[in-house]
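See below for coords10.csv, which holds CSV, C-alpha atoms and all ligand atoms.
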chain,number,residue,atom,x,y,z
A,1049,MET,CA,0.0,0.0,0.0
A,1050,LYS,CA,3.0,2.3,0.6
A,1051,SER,CA,2.7,3.3,-3.0
A,1052,GLY,CA,4.9,3.8,-5.9
A,1053,ALA,CA,3.3,7.2,-5.8
A,1054,THR,CA,5.7,8.6,-3.3
A,1055,THR,CA,8.7,7.4,-5.3
A,1056,ARG,CA,7.1,8.7,-8.5
A,1057,TYR,CA,6.8,12.1,-7.0
A,1058,GLU,CA,10.0,12.6,-5.2
A,1059,SER,CA,9.3,16.3,-4.8
A,1060,HIS,CA,6.3,15.4,-2.6
A,1061,LYS,CA,5.8,14.1,1.0
A,1062,GLU,CA,4.0,11.1,2.2
A,1063,PRO,CA,0.3,10.7,1.2
A,1064,GLU,CA,-2.3,12.0,3.6
A,1065,THR,CA,-6.1,12.1,3.7
A,1066,GLY,CA,-7.8,15.3,2.5
A,1067,LEU,CA,-11.2,16.7,1.4
A,1068,VAL,CA,-11.8,18.3,-2.0
A,1069,VAL,CA,-13.4,21.7,-1.3
A,1070,ALA,CA,-13.4,22.8,-5.0
A,1071,ALA,CA,-12.7,21.2,-8.3
A,1072,TYR,CA,-11.7,23.0,-11.5
A,1073,GLY,CA,-11.0,20.4,-14.1
A,1074,ARG,CA,-7.5,19.0,-13.3
A,1075,HIS,CA,-7.0,21.5,-10.5
A,1076,VAL,CA,-8.5,21.0,-7.1
A,1077,LEU,CA,-8.4,22.7,-3.7
A,1078,VAL,CA,-7.8,20.1,-1.0
A,1079,GLU,CA,-8.4,20.7,2.7
A,1080,ASP,CA,-5.9,19.0,5.0
A,1081,GLU,CA,-6.7,17.6,8.5
A,1082,THR,CA,-6.0,20.9,10.2
A,1083,ARG,CA,-8.4,22.6,7.7
A,1084,ASP,CA,-5.7,24.4,5.7
A,1085,ARG,CA,-6.5,24.5,2.0
A,1086,HIS,CA,-3.9,23.5,-0.7
A,1087,ARG,CA,-3.9,23.8,-4.5
A,1088,CYS,CA,-3.4,20.4,-6.0
A,1089,ILE,CA,-3.3,18.8,-9.4
A,1090,LEU,CA,-4.8,15.4,-10.2
A,1091,ALA,CA,-2.1,12.8,-10.7
A,1092,LYS,CA,-3.8,10.8,-13.4
A,1093,ARG,CA,-5.9,11.8,-16.4
A,1094,ARG,CA,-8.6,9.3,-15.4
A,1095,LEU,CA,-9.1,10.7,-11.9
A,1096,ARG,CA,-12.2,12.8,-11.7
A,1097,ALA,CA,-12.6,14.6,-8.4
A,1098,VAL,CA,-15.6,16.6,-7.4
A,1099,CYS,CA,-16.4,18.8,-4.4
A,1100,GLY,CA,-16.8,16.7,-1.3
A,1101,ASP,CA,-14.5,13.9,-2.4
A,1102,VAL,CA,-12.2,12.4,0.2
A,1103,VAL,CA,-8.7,11.9,-1.4
A,1104,GLN,CA,-5.2,10.7,-0.7
A,1105,TRP,CA,-2.9,13.5,-1.6
A,1106,SER,CA,0.7,14.5,-1.1
A,1107,ARG,CA,1.9,18.0,-0.4
A,1108,ALA,CA,4.9,19.4,-2.3
A,1109,LEU,CA,8.2,19.7,-0.5
A,1110,ASP,CA,8.4,23.3,-1.7
A,1111,ASP,CA,5.4,25.6,-2.2
A,1112,SER,CA,4.3,24.2,-5.5
A,1113,ASP,CA,1.0,22.3,-6.0
A,1114,GLY,CA,0.3,19.1,-4.2
A,1115,ILE,CA,-0.8,16.0,-6.0
A,1116,VAL,CA,-4.1,14.1,-5.6
A,1117,LEU,CA,-3.2,10.4,-6.0
A,1118,LYS,CA,-6.4,8.5,-5.3
A,1119,LEU,CA,-10.1,9.0,-4.5
A,1120,SER,CA,-11.8,7.2,-1.7
A,1121,PRO,CA,-15.1,5.4,-2.3
A,1122,ARG,CA,-18.0,7.8,-2.1
A,1123,THR,CA,-21.0,7.4,0.2
A,1124,THR,CA,-23.3,9.4,-2.0
A,1125,GLU,CA,-23.1,11.1,-5.4
A,1126,LEU,CA,-25.4,13.9,-6.6
A,1127,ALA,CA,-25.5,13.5,-10.3
A,1128,ARG,CA,-27.5,14.5,-13.4
A,1129,PRO,CA,-27.6,13.2,-16.9
A,1130,SER,CA,-24.8,14.8,-18.9
A,1131,ARG,CA,-25.3,16.1,-22.4
A,1132,ARG,CA,-23.3,13.1,-23.7
A,1133,GLY,CA,-25.9,10.8,-22.2
A,1134,ASP,CA,-24.0,9.5,-19.3
A,1135,ARG,CA,-23.7,10.7,-15.7
A,1136,GLU,CA,-22.3,14.0,-14.6
A,1137,ILE,CA,-21.4,13.9,-10.9
A,1138,LEU,CA,-21.9,17.3,-9.2
A,1139,ALA,CA,-20.8,16.5,-5.7
A,1140,ALA,CA,-19.8,13.6,-3.4
A,1141,ASN,CA,-20.4,12.4,0.1
A,1142,ILE,CA,-23.3,14.8,0.7
A,1143,GLU,CA,-25.6,14.2,3.6
A,1144,GLN,CA,-28.3,16.7,2.9
A,1145,VAL,CA,-29.7,18.4,-0.2
A,1146,VAL,CA,-31.0,21.9,0.6
A,1147,VAL,CA,-33.2,23.1,-2.3
A,1148,VAL,CA,-33.3,26.9,-2.3
A,1149,SER,CA,-36.2,28.7,-3.9
A,1150,ALA,CA,-37.6,32.2,-3.9
A,1151,PRO,CA,-40.5,34.3,-5.1
A,1152,ARG,CA,-38.1,35.7,-7.7
A,1153,PRO,CA,-36.9,34.2,-10.0
A,1154,ASP,CA,-40.2,32.4,-10.4
A,1155,PRO,CA,-40.3,29.3,-8.2
A,1156,ASP,CA,-40.7,26.0,-10.0
A,1157,PRO,CA,-42.2,23.3,-7.8
A,1158,PHE,CA,-41.3,20.6,-10.4
A,1159,LEU,CA,-37.6,21.5,-10.1
A,1160,ILE,CA,-37.9,21.2,-6.3
A,1161,ASP,CA,-39.5,17.8,-6.7
A,1162,ARG,CA,-36.7,16.6,-8.9
A,1163,TYR,CA,-34.0,17.7,-6.4
A,1164,LEU,CA,-35.9,16.1,-3.6
A,1165,ALA,CA,-36.3,12.9,-5.7
A,1166,ALA,CA,-32.5,12.8,-6.3
A,1167,SER,CA,-32.0,13.2,-2.5
A,1168,GLU,CA,-34.4,10.3,-1.8
A,1169,LEU,CA,-32.7,8.1,-4.4
A,1170,MET,CA,-29.3,8.9,-2.8
A,1171,GLY,CA,-30.6,8.1,0.7
A,1172,THR,CA,-29.8,11.6,2.0
A,1173,GLU,CA,-32.0,14.1,3.8
A,1174,GLY,CA,-33.8,16.7,1.7
A,1175,CYS,CA,-35.2,20.1,2.7
A,1176,LEU,CA,-36.6,23.3,1.2
A,1177,VAL,CA,-35.5,26.9,1.9
A,1178,TYR,CA,-37.9,29.6,0.7
A,1179,ASN,CA,-35.6,32.7,0.6
A,1180,LYS,CA,-36.5,36.3,-0.2
A,1181,SER,CA,-39.5,36.0,2.0
A,1182,ASP,CA,-39.3,39.8,2.4
A,1183,LEU,CA,-40.6,39.9,-1.2
A,1184,ASP,CA,-43.5,37.5,-0.5
A,1185,PRO,CA,-44.4,37.7,3.2
A,1186,GLU,CA,-47.5,35.5,2.9
A,1187,HIS,CA,-45.7,32.9,0.8
A,1188,LYS,CA,-48.1,33.1,-2.1
A,1189,ALA,CA,-45.8,32.4,-4.9
A,1190,LEU,CA,-45.1,28.8,-3.9
A,1191,ASP,CA,-47.3,26.2,-2.1
A,1192,LEU,CA,-44.9,25.2,0.7
A,1193,SER,CA,-47.4,22.9,2.3
A,1194,GLU,CA,-47.0,20.4,-0.6
A,1195,PHE,CA,-43.5,19.7,0.7
A,1196,SER,CA,-44.1,20.0,4.4
A,1197,ALA,CA,-47.1,17.7,4.1
A,1198,VAL,CA,-44.8,14.8,3.0
A,1199,GLY,CA,-42.3,15.5,5.8
A,1200,TYR,CA,-39.7,17.7,4.3
A,1201,PRO,CA,-38.4,20.5,6.6
A,1202,VAL,CA,-39.3,23.9,5.1
A,1203,VAL,CA,-37.6,27.0,6.3
A,1204,THR,CA,-38.5,30.5,5.1
A,1205,THR,CA,-35.6,33.0,5.1
A,1206,SER,CA,-34.7,36.5,4.2
A,1207,VAL,CA,-31.1,37.6,3.8
A,1208,LEU,CA,-32.4,41.1,3.8
A,1209,SER,CA,-34.3,41.0,7.2
A,1210,GLY,CA,-32.4,38.1,8.7
A,1211,ALA,CA,-35.7,36.2,9.2
A,1212,GLY,CA,-35.4,32.4,9.4
A,1213,LEU,CA,-31.6,32.3,9.5
A,1214,GLU,CA,-31.5,30.7,13.0
A,1215,ASP,CA,-33.8,27.9,11.8
A,1216,LEU,CA,-31.6,27.4,8.7
A,1217,ARG,CA,-28.5,27.2,11.0
A,1218,LYS,CA,-30.2,24.4,13.0
A,1219,LEU,CA,-30.9,22.5,9.8
A,1220,LEU,CA,-27.2,22.7,8.7
A,1221,VAL,CA,-25.3,21.9,11.9
A,1222,ASP,CA,-23.0,19.0,11.9
A,1223,ARG,CA,-23.6,17.6,8.4
A,1224,ILE,CA,-22.5,18.2,4.9
A,1225,SER,CA,-25.2,19.9,2.9
A,1226,ILE,CA,-25.4,21.3,-0.6
A,1227,PHE,CA,-27.4,24.4,-1.7
A,1228,VAL,CA,-29.0,23.8,-5.0
A,1229,GLY,CA,-31.6,25.6,-7.1
A,1230,HIS,CA,-32.3,28.2,-9.7
A,1231,SER,CA,-29.7,30.9,-10.4
A,1232,GLY,CA,-30.4,34.1,-8.4
A,1233,VAL,CA,-32.5,32.6,-5.5
A,1234,GLY,CA,-29.9,33.7,-3.0
A,1235,LYS,CA,-27.8,30.6,-2.3
A,1236,SER,CA,-24.5,32.5,-2.0
A,1237,SER,CA,-26.2,35.4,-0.2
A,1238,LEU,CA,-27.5,33.0,2.5
A,1239,LEU,CA,-24.0,31.5,2.9
A,1240,ASN,CA,-22.5,34.9,3.2
A,1241,ARG,CA,-24.9,35.7,6.1
A,1242,LEU,CA,-24.1,32.3,7.7
A,1243,ILE,CA,-20.3,32.7,7.2
A,1244,PRO,CA,-19.7,36.4,7.3
A,1245,ASP,CA,-15.9,36.2,6.5
A,1246,ALA,CA,-16.2,33.8,3.6
A,1247,GLU,CA,-16.5,36.6,1.0
A,1248,ILE,CA,-18.5,34.4,-1.2
A,1249,GLU,CA,-19.3,36.1,-4.5
A,1250,THR,CA,-23.0,36.9,-4.9
A,1251,ALA,CA,-24.9,38.7,-7.6
A,1252,ALA,CA,-25.0,42.5,-7.0
A,1253,LEU,CA,-27.9,43.7,-4.8
A,1254,SER,CA,-29.0,46.0,-7.5
A,1255,SER,CA,-29.5,43.3,-10.1
A,1256,ALA,CA,-33.2,43.3,-10.7
A,1257,SER,CA,-33.4,40.0,-12.4
A,1258,GLY,CA,-31.3,38.3,-9.8
A,1259,GLU,CA,-28.9,37.0,-12.4
A,1260,GLY,CA,-26.1,39.3,-11.7
A,1261,ARG,CA,-22.5,39.2,-12.7
A,1262,HIS,CA,-21.3,37.4,-9.6
A,1263,THR,CA,-23.2,34.3,-10.3
A,1264,THR,CA,-21.5,31.2,-8.8
A,1265,THR,CA,-19.5,29.3,-11.4
A,1266,ALA,CA,-18.1,26.4,-9.5
A,1267,SER,CA,-19.2,24.4,-6.4
A,1268,VAL,CA,-17.2,25.3,-3.3
A,1269,LEU,CA,-17.4,23.7,0.2
A,1270,HIS,CA,-17.6,26.2,3.1
A,1271,ARG,CA,-17.2,25.2,6.8
A,1272,LEU,CA,-19.6,26.4,9.3
A,1273,SER,CA,-18.4,27.6,12.7
A,1274,ILE,CA,-21.3,25.8,14.3
A,1275,GLY,CA,-20.0,22.5,12.8
A,1276,GLY,CA,-20.9,21.1,9.4
A,1277,ALA,CA,-20.3,22.4,6.0
A,1278,VAL,CA,-22.3,23.7,3.0
A,1279,ILE,CA,-21.4,23.3,-0.7
A,1280,ASP,CA,-22.6,26.4,-2.6
A,1281,SER,CA,-23.3,25.3,-6.1
A,1282,PRO,CA,-23.9,27.2,-9.4
A,1283,GLY,CA,-27.6,27.9,-10.1
A,1284,VAL,CA,-29.3,25.8,-12.8
A,1285,ARG,CA,-32.1,26.4,-15.2
A,1286,ASP,CA,-33.2,22.8,-15.0
A,1287,TYR,CA,-32.3,19.6,-13.2
A,1288,ALA,CA,-33.1,15.9,-13.4
A,1289,PRO,CA,-31.6,13.0,-11.4
A,1290,SER,CA,-29.2,10.9,-13.4
A,1291,THR,CA,-30.9,8.1,-15.3
A,1292,ILE,CA,-32.7,5.5,-13.3
A,1293,ALA,CA,-35.1,2.8,-14.4
A,1294,PRO,CA,-38.6,4.4,-14.8
A,1295,ARG,CA,-39.8,1.8,-12.2
A,1296,ASP,CA,-37.5,3.4,-9.6
A,1297,VAL,CA,-38.9,6.9,-10.0
A,1298,SER,CA,-41.5,6.1,-7.3
A,1299,LYS,CA,-38.6,5.8,-4.8
A,1300,GLY,CA,-38.0,9.5,-5.3
A,1301,PHE,CA,-41.5,10.5,-4.2
A,1302,ARG,CA,-41.9,9.2,-0.7
A,1303,GLU,CA,-45.7,9.5,-0.5
A,1304,ILE,CA,-46.0,7.4,-3.7
A,1305,GLY,CA,-43.3,4.9,-2.8
A,1306,ASP,CA,-45.0,4.4,0.6
A,1307,ARG,CA,-48.3,3.6,-0.9
A,1308,SER,CA,-47.2,1.2,-3.7
A,1309,ASP,CA,-47.6,-1.8,-1.4
A,1310,ALA,CA,-51.4,-1.3,-1.5
A,1311,CYS,CA,-51.6,-1.4,-5.3
A,1312,ARG,CA,-53.3,-4.5,-6.9
A,1313,PHE,CA,-50.2,-5.2,-9.0
A,1314,SER,CA,-46.8,-5.5,-7.3
A,1315,ASN,CA,-45.2,-4.0,-10.4
A,1316,CYS,CA,-47.7,-1.1,-10.6
A,1317,MET,CA,-46.3,2.0,-12.2
A,1318,HIS,CA,-49.3,4.1,-11.0
A,1319,LEU,CA,-50.1,5.3,-14.5
A,1320,ARG,CA,-53.1,3.4,-16.0
A,1321,GLU,CA,-53.3,0.2,-13.9
A,1322,PRO,CA,-56.5,-0.7,-12.2
A,1323,GLY,CA,-56.6,-1.0,-8.5
A,1324,CYS,CA,-53.8,1.6,-8.1
A,1325,ALA,CA,-53.7,2.8,-4.5
A,1326,VAL,CA,-51.6,5.8,-5.6
A,1327,LYS,CA,-54.2,7.1,-8.1
A,1328,GLU,CA,-56.9,6.6,-5.5
A,1329,ALA,CA,-55.0,8.7,-3.0
A,1330,VAL,CA,-54.6,11.4,-5.7
A,1331,GLU,CA,-58.4,11.4,-6.2
A,1332,THR,CA,-59.1,11.8,-2.5
A,1333,GLY,CA,-56.5,14.5,-2.3
A,1334,GLU,CA,-54.3,12.6,0.1
A,1335,ILE,CA,-51.5,12.8,-2.5
A,1336,SER,CA,-51.0,16.2,-4.1
A,1337,ALA,CA,-52.1,16.0,-7.8
A,1338,ARG,CA,-49.2,18.3,-8.7
A,1339,ARG,CA,-46.6,16.1,-7.0
A,1340,TYR,CA,-48.2,13.1,-8.8
A,1341,GLU,CA,-48.0,15.0,-12.1
A,1342,SER,CA,-44.3,15.6,-11.3
A,1343,TYR,CA,-43.9,11.9,-10.8
A,1344,ARG,CA,-45.5,11.1,-14.2
A,1345,ARG,CA,-43.3,13.7,-15.9
A,1346,LEU,CA,-40.1,12.1,-14.4
A,1347,VAL,CA,-41.2,8.6,-15.4
A,1348,ARG,CA,-41.7,9.9,-19.0
A,1349,LEU,CA,-38.3,11.6,-18.9
A,1350,MET,CA,-36.5,8.5,-17.7
A,1351,GLU,CA,-38.2,6.5,-20.4
A,1352,GLN,CA,-36.8,9.0,-23.0
A,1353,LEU,CA,-33.3,9.0,-21.5
A,1354,GLY,CA,-33.1,5.2,-21.6
A,1355,PRO,CA,-31.1,2.9,-19.4
A,1356,SER,CA,-28.3,4.3,-17.4
A,1357,THR,CA,-24.8,3.9,-18.9
A,1358,THR,CA,-23.2,3.4,-15.6
A,1401,LIG,N1,-34.9,40.9,-1.5
A,1401,LIG,C1,-34.0,39.9,-1.3
A,1401,LIG,N2,-33.0,39.8,-2.2
A,1401,LIG,C2,-32.1,38.8,-2.0
A,1401,LIG,C3,-32.2,37.9,-0.8
A,1401,LIG,N3,-31.2,37.0,-0.9
A,1401,LIG,C4,-30.5,37.3,-2.0
A,1401,LIG,N4,-31.1,38.4,-2.6
A,1401,LIG,C5,-30.6,39.0,-3.9
A,1401,LIG,O1,-30.7,38.0,-5.0
A,1401,LIG,C6,-29.7,38.2,-5.9
A,1401,LIG,C7,-29.1,36.8,-6.2
A,1401,LIG,O2,-28.4,36.4,-5.1
A,1401,LIG,P1,-27.2,35.3,-5.1
A,1401,LIG,O3,-26.9,34.9,-3.7
A,1401,LIG,O4,-26.1,35.6,-6.0
A,1401,LIG,O5,-28.0,34.1,-5.8
A,1401,LIG,P2,-27.4,32.6,-6.1
A,1401,LIG,O6,-28.6,31.6,-5.8
A,1401,LIG,O7,-26.2,32.3,-5.4
A,1401,LIG,O8,-27.3,32.6,-7.7
A,1401,LIG,P3,-26.2,31.7,-8.6
A,1401,LIG,O9,-24.9,31.8,-8.0
A,1401,LIG,O10,-26.3,32.3,-9.9
A,1401,LIG,O11,-26.8,30.4,-8.5
A,1401,LIG,C8,-28.8,39.2,-5.4
A,1401,LIG,O12,-29.1,40.4,-6.0
A,1401,LIG,C9,-29.1,39.2,-3.9
A,1401,LIG,O13,-28.8,40.5,-3.3
A,1401,LIG,C10,-33.3,38.1,0.1
A,1401,LIG,O14,-33.5,37.4,1.1
A,1401,LIG,N5,-34.2,39.2,-0.2
A,1402,MG,MG,-24.3,31.8,-6.1
A,1403,ZN,ZN,-50.2,1.9,-8.3

As structure tokens, how would this structure be written, given the file I've shared?
Amino acid sequence: MKSGATTRYESHKEPETGLVVAAYGRHVLVEDETRDRHRCILAKRRLRAVCGDVVQWSRALDDSDGIVLKLSPRTTELARPSRRGDREILAANIEQVVVVSAPRPDPDPFLIDRYLAASELMGTEGCLVYNKSDLDPEHKALDLSEFSAVGYPVVTTSVLSGAGLEDLRKLLVDRISIFVGHSGVGKSSLLNRLIPDAEIETAALSSASGEGRHTTTASVLHRLSIGGAVIDSPGVRDYAPSTIAPRDVSKGFREIGDRSDACRFSNCMHLREPGCAVKEAVETGEISARRYESYRRLVRLMEQLGPSTT
């Protein structure tokens, strides 16, 4: 195990364990065990490190870049289908997906569902933050009860007034979370409030559309002084979990997955089958018709994307 790596890189010290806090192609920023951060380069072309990866790395004997030698197995991977049809991994070893939404830009409940579904499929916690509540004090632009009704924690915040930030802190303590959502909802602004010295770049306050110049371009992991860490990720226009069998989509919607056992057919897809307990629950209003529509859309998308290539 004492690898050839140390002999191959004579200008470097013994390998140690580190955490990737940012990845820019072949260059990564690695945090050592005392939480200092070091610029490193990936040793091999085939290594693909993402934010949150645990790695074996060696620091240089002088002040040049360290070398990442090896990735440790990941406990979770947040991924999406790539344009080439395979899986693009966005972050690793996450314990909680925090979907951030706001009255502006227009909230999209279907996008929230898809992130929550990805979180269910990874086996991590999921929750919803409705930011910019100062712009929508009565929370009219998004039906938050659809998410709280199925057990997701929902926190409403305002970076402007400071409302809800204490609740958000409680949700983030002692675990690794990722902030995801549309561009301009205030992910970076929230982090700046939580970590005042971090100097995280955010869109200018004056930007009316919310898509200002300082839009986040790469995921970066930030430590919280209360314990835990948050990965700030670039905003998206759209998101879907990486390809899964259409049959597994129900595992991403907990109220649907929970009810599947009561369907007449054990392989019920909850689409047109008779004796479907899920459709019955939609009819009685026990399951939100909109969440069910979201499920159907995701099944259709997964049918179009075809089988996973991984
Ligand atoms: N009114 C109001 N504006 C906010 C609030 N939070 C953030 N903003 C503004 O929203 C805009 C976008 O904020 P960012 O923090 O850059 O948004 P982001 O989600 O990080 O965006 P990306 O990095 O592009 O994904 C900025 O102009 C912020 O000042 C809030 O609670 N209330
Ligand atoms: Mg940002
Ligand atoms: Zn069914």

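Take atom C3 of ligand LIG 1401 (chain A) and CA of Ser1149 in chain A: the distance between them is 10.5 Å.
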
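Put simply, CA of Asp1161 in chain A is 17.6 Å away from atom O6 of ligand LIG 1401 (chain A).
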
For ligand ZN 1403 (chain A), collect every residue having any atom at a distance of at most 7 Å from a ligand atom (counting only C-alpha atoms and all ligand atoms); output as a list in words.
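The residues near ligand ZN 1403 (chain A) are Ser1308, Cys1311, Cys1316, Met1317, His1318, Glu1321, Cys1324, Ala1325, Val1326 and Lys1327 of chain A.
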
Best match for closeness to His1230 in chain A among A:Asp1154, A:Glu1136, A:Glu1331, A:Asp1110, counting only C-alpha atoms
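Comparing A:Asp1154, A:Glu1136, A:Glu1331, A:Asp1110 against His1230 in chain A, the winner is A:Asp1154.
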
Hey, which bits of chain A sit within 10 Å of ligand MG 1402 (chain A), and for each residue what's the closest pair of atoms and how far apart in Å (one decimal), counting only C-alpha atoms and all ligand atoms, rows by chain and increasing number, as a tab-separated table?
residue	atom	partner	partner_atom	distance
A:Phe1227	CA	A:MG1402	MG	9.2
A:Val1228	CA	A:MG1402	MG	9.3
A:Gly1229	CA	A:MG1402	MG	9.6
A:His1230	CA	A:MG1402	MG	9.5
A:Ser1231	CA	A:MG1402	MG	7.0
A:Gly1232	CA	A:MG1402	MG	6.9
A:Val1233	CA	A:MG1402	MG	8.3
A:Gly1234	CA	A:MG1402	MG	6.7
A:Lys1235	CA	A:MG1402	MG	5.3
A:Ser1236	CA	A:MG1402	MG	4.2
A:Ser1237	CA	A:MG1402	MG	7.2
A:Leu1238	CA	A:MG1402	MG	9.3
A:Leu1239	CA	A:MG1402	MG	9.0
A:Asn1240	CA	A:MG1402	MG	10.0
A:Ile1248	CA	A:MG1402	MG	8.0
A:Glu1249	CA	A:MG1402	MG	6.8
A:Thr1250	CA	A:MG1402	MG	5.4
A:Ala1251	CA	A:MG1402	MG	7.1
A:Glu1259	CA	A:MG1402	MG	9.4
A:Gly1260	CA	A:MG1402	MG	9.5
A:His1262	CA	A:MG1402	MG	7.3
A:Thr1263	CA	A:MG1402	MG	5.0
A:Thr1264	CA	A:MG1402	MG	3.9
A:Thr1265	CA	A:MG1402	MG	7.6
A:Ala1266	CA	A:MG1402	MG	8.9
A:Ser1267	CA	A:MG1402	MG	9.0
A:Asp1280	CA	A:MG1402	MG	6.7
A:Ser1281	CA	A:MG1402	MG	6.6
A:Pro1282	CA	A:MG1402	MG	5.7
A:Gly1283	CA	A:MG1402	MG	6.5

How would range 1311-1318 of chain A look with all heavy atoms restored, written as a JSON list (two decimals), keeping the file's coordinate frame?
[["chain", "number", "residue", "atom", "x", "y", "z"],
["A", 1311, "CYS", "N", -51.11, -1.25, -3.94],
["A", 1311, "CYS", "CA", -51.60, -1.40, -5.30],
["A", 1311, "CYS", "C", -51.91, -2.84, -5.62],
["A", 1311, "CYS", "O", -51.26, -3.73, -5.08],
["A", 1311, "CYS", "CB", -50.59, -0.84, -6.31],
["A", 1311, "CYS", "SG", -50.30, 0.93, -6.14],
["A", 1312, "ARG", "N", -52.88, -3.08, -6.53],
["A", 1312, "ARG", "CA", -53.30, -4.50, -6.90],
["A", 1312, "ARG", "C", -52.07, -5.22, -7.45],
["A", 1312, "ARG", "O", -51.81, -6.36, -7.12],
["A", 1312, "ARG", "CB", -54.43, -4.47, -7.84],
["A", 1312, "ARG", "CG", -54.93, -5.88, -8.14],
["A", 1312, "ARG", "CD", -56.08, -5.88, -9.12],
["A", 1312, "ARG", "NE", -57.17, -5.00, -8.69],
["A", 1312, "ARG", "CZ", -58.14, -4.56, -9.51],
["A", 1312, "ARG", "NH1", -58.14, -4.92, -10.79],
["A", 1312, "ARG", "NH2", -59.08, -3.77, -9.07],
["A", 1313, "PHE", "N", -51.34, -4.56, -8.34],
["A", 1313, "PHE", "CA", -50.20, -5.20, -9.00],
["A", 1313, "PHE", "C", -48.90, -4.80, -8.32],
["A", 1313, "PHE", "O", -48.66, -3.61, -8.09],
["A", 1313, "PHE", "CB", -50.15, -4.88, -10.48],
["A", 1313, "PHE", "CG", -51.39, -5.27, -11.20],
["A", 1313, "PHE", "CD1", -52.27, -4.30, -11.71],
["A", 1313, "PHE", "CD2", -51.72, -6.62, -11.38],
["A", 1313, "PHE", "CE1", -53.42, -4.67, -12.37],
["A", 1313, "PHE", "CE2", -52.88, -6.98, -12.04],
["A", 1313, "PHE", "CZ", -53.74, -6.01, -12.54],
["A", 1314, "SER", "N", -48.07, -5.81, -8.04],
["A", 1314, "SER", "CA", -46.80, -5.50, -7.30],
["A", 1314, "SER", "C", -45.89, -4.65, -8.18],
["A", 1314, "SER", "O", -45.04, -3.93, -7.67],
["A", 1314, "SER", "CB", -46.13, -6.76, -6.85],
["A", 1314, "SER", "OG", -45.78, -7.54, -7.97],
["A", 1315, "ASN", "N", -46.05, -4.76, -9.53],
["A", 1315, "ASN", "CA", -45.20, -4.00, -10.40],
["A", 1315, "ASN", "C", -45.92, -2.72, -10.94],
["A", 1315, "ASN", "O", -45.60, -2.21, -12.01],
["A", 1315, "ASN", "CB", -44.67, -4.82, -11.56],
["A", 1315, "ASN", "CG", -45.79, -5.36, -12.43],
["A", 1315, "ASN", "OD1", -46.97, -5.22, -12.09],
["A", 1315, "ASN", "ND2", -45.43, -5.98, -13.54],
["A", 1316, "CYS", "N", -46.91, -2.26, -10.20],
["A", 1316, "CYS", "CA", -47.70, -1.10, -10.60],
["A", 1316, "CYS", "C", -46.83, 0.12, -10.83],
["A", 1316, "CYS", "O", -46.00, 0.44, -9.99],
["A", 1316, "CYS", "CB", -48.79, -0.81, -9.58],
["A", 1316, "CYS", "SG", -49.97, 0.46, -10.07],
["A", 1317, "MET", "N", -47.02, 0.79, -11.97],
["A", 1317, "MET", "CA", -46.30, 2.00, -12.20],
["A", 1317, "MET", "C", -47.12, 3.26, -11.86],
["A", 1317, "MET", "O", -46.69, 4.39, -12.07],
["A", 1317, "MET", "CB", -45.92, 2.11, -13.73],
["A", 1317, "MET", "CG", -44.86, 1.13, -14.18],
["A", 1317, "MET", "SD", -43.22, 1.62, -13.62],
["A", 1317, "MET", "CE", -42.94, 3.05, -14.68],
["A", 1318, "HIS", "N", -48.33, 3.01, -11.41],
["A", 1318, "HIS", "CA", -49.30, 4.10, -11.00],
["A", 1318, "HIS", "C", -49.62, 5.03, -12.10],
["A", 1318, "HIS", "O", -49.73, 6.23, -11.92],
["A", 1318, "HIS", "CB", -48.66, 4.88, -9.79],
["A", 1318, "HIS", "CG", -47.83, 4.02, -8.88],
["A", 1318, "HIS", "ND1", -48.34, 2.92, -8.24],
["A", 1318, "HIS", "CD2", -46.53, 4.09, -8.53],
["A", 1318, "HIS", "CE1", -47.38, 2.34, -7.52],
["A", 1318, "HIS", "NE2", -46.28, 3.03, -7.69]]
